[in-house]
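Heads up, the thing below is written out as structure tokens.
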Amino acid sequence: LNAEKEKLHGTIETMAHEASEVKEIARKLVADLHQQKKNAQSQLQSEMDAVKAEMEQLKSHHQNDMSTLLKEKEELRKNMEKEHYAIEESKTLMKASLESLRRDRRKMEQDLQFEIDSAKLSLKERRAELREELNLAKFSETLHKMKAL
């Protein structure tokens with residue numbers, strides 16, 4: 001019975017020793033799993049931080065692009081407005097120039113008509129003078145013939 005008891009006691013000690021080894025292995029596995037979990041969480045956090053930083057950078061680039069586009073749009077609007085005013089001013093100047101040309105043409109027509117009228121009057125006066133001279137010549141010739149008779 002003692003031998004049996006000793007044997008049982010040895011088996012219990014062996015089992016206790018094996019249980020202690022299993023417990024130590026389990027503790028090491030739990031610690032290793034805990035460390036792996038920490039490492040995975042750290043890596044995940046690093047990746048999330050990198051993604052967040054990249055998203056912030058993309059957001060910043062997008063905001064800069066939008067700001068640039070809005071500035072270009074405003075500049076284009078201002079340039080179009082300036083061109084519109086320049087076109088309107090050009091139209092106004094062209095209308096004024098056209099009106100000035102019309103006035104000049106009317107003045108030239110009036111001057112030309114005055115010259116034509118003056119020339120006609122001069123021609124009439126000259127004709128009258130020539131008729132008078134012709135009549136005097138005829139009268140003189142008639143008188144000369146009468147004297148000769």
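If you're wondering about the labels, chains in the structure tokens are A, B, ... by order shown, residues count from 1 in each chain, ligands from 1 in order shown.
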Pull the closest atom pair for each residue of segment 35-123 of chain A that gets at most 12 Å from segment 19-29 of chain A, along with the distance in Å to one decimal, counting only C-alpha atoms, ordering rows by chain and then ascending residue number, as a tab-separated table.
residue	atom	partner	partner_atom	distance
A:Gln35	CA	A:Leu29	CA	9.6
A:Gln36	CA	A:Leu29	CA	10.2
A:Lys37	CA	A:Leu29	CA	11.9
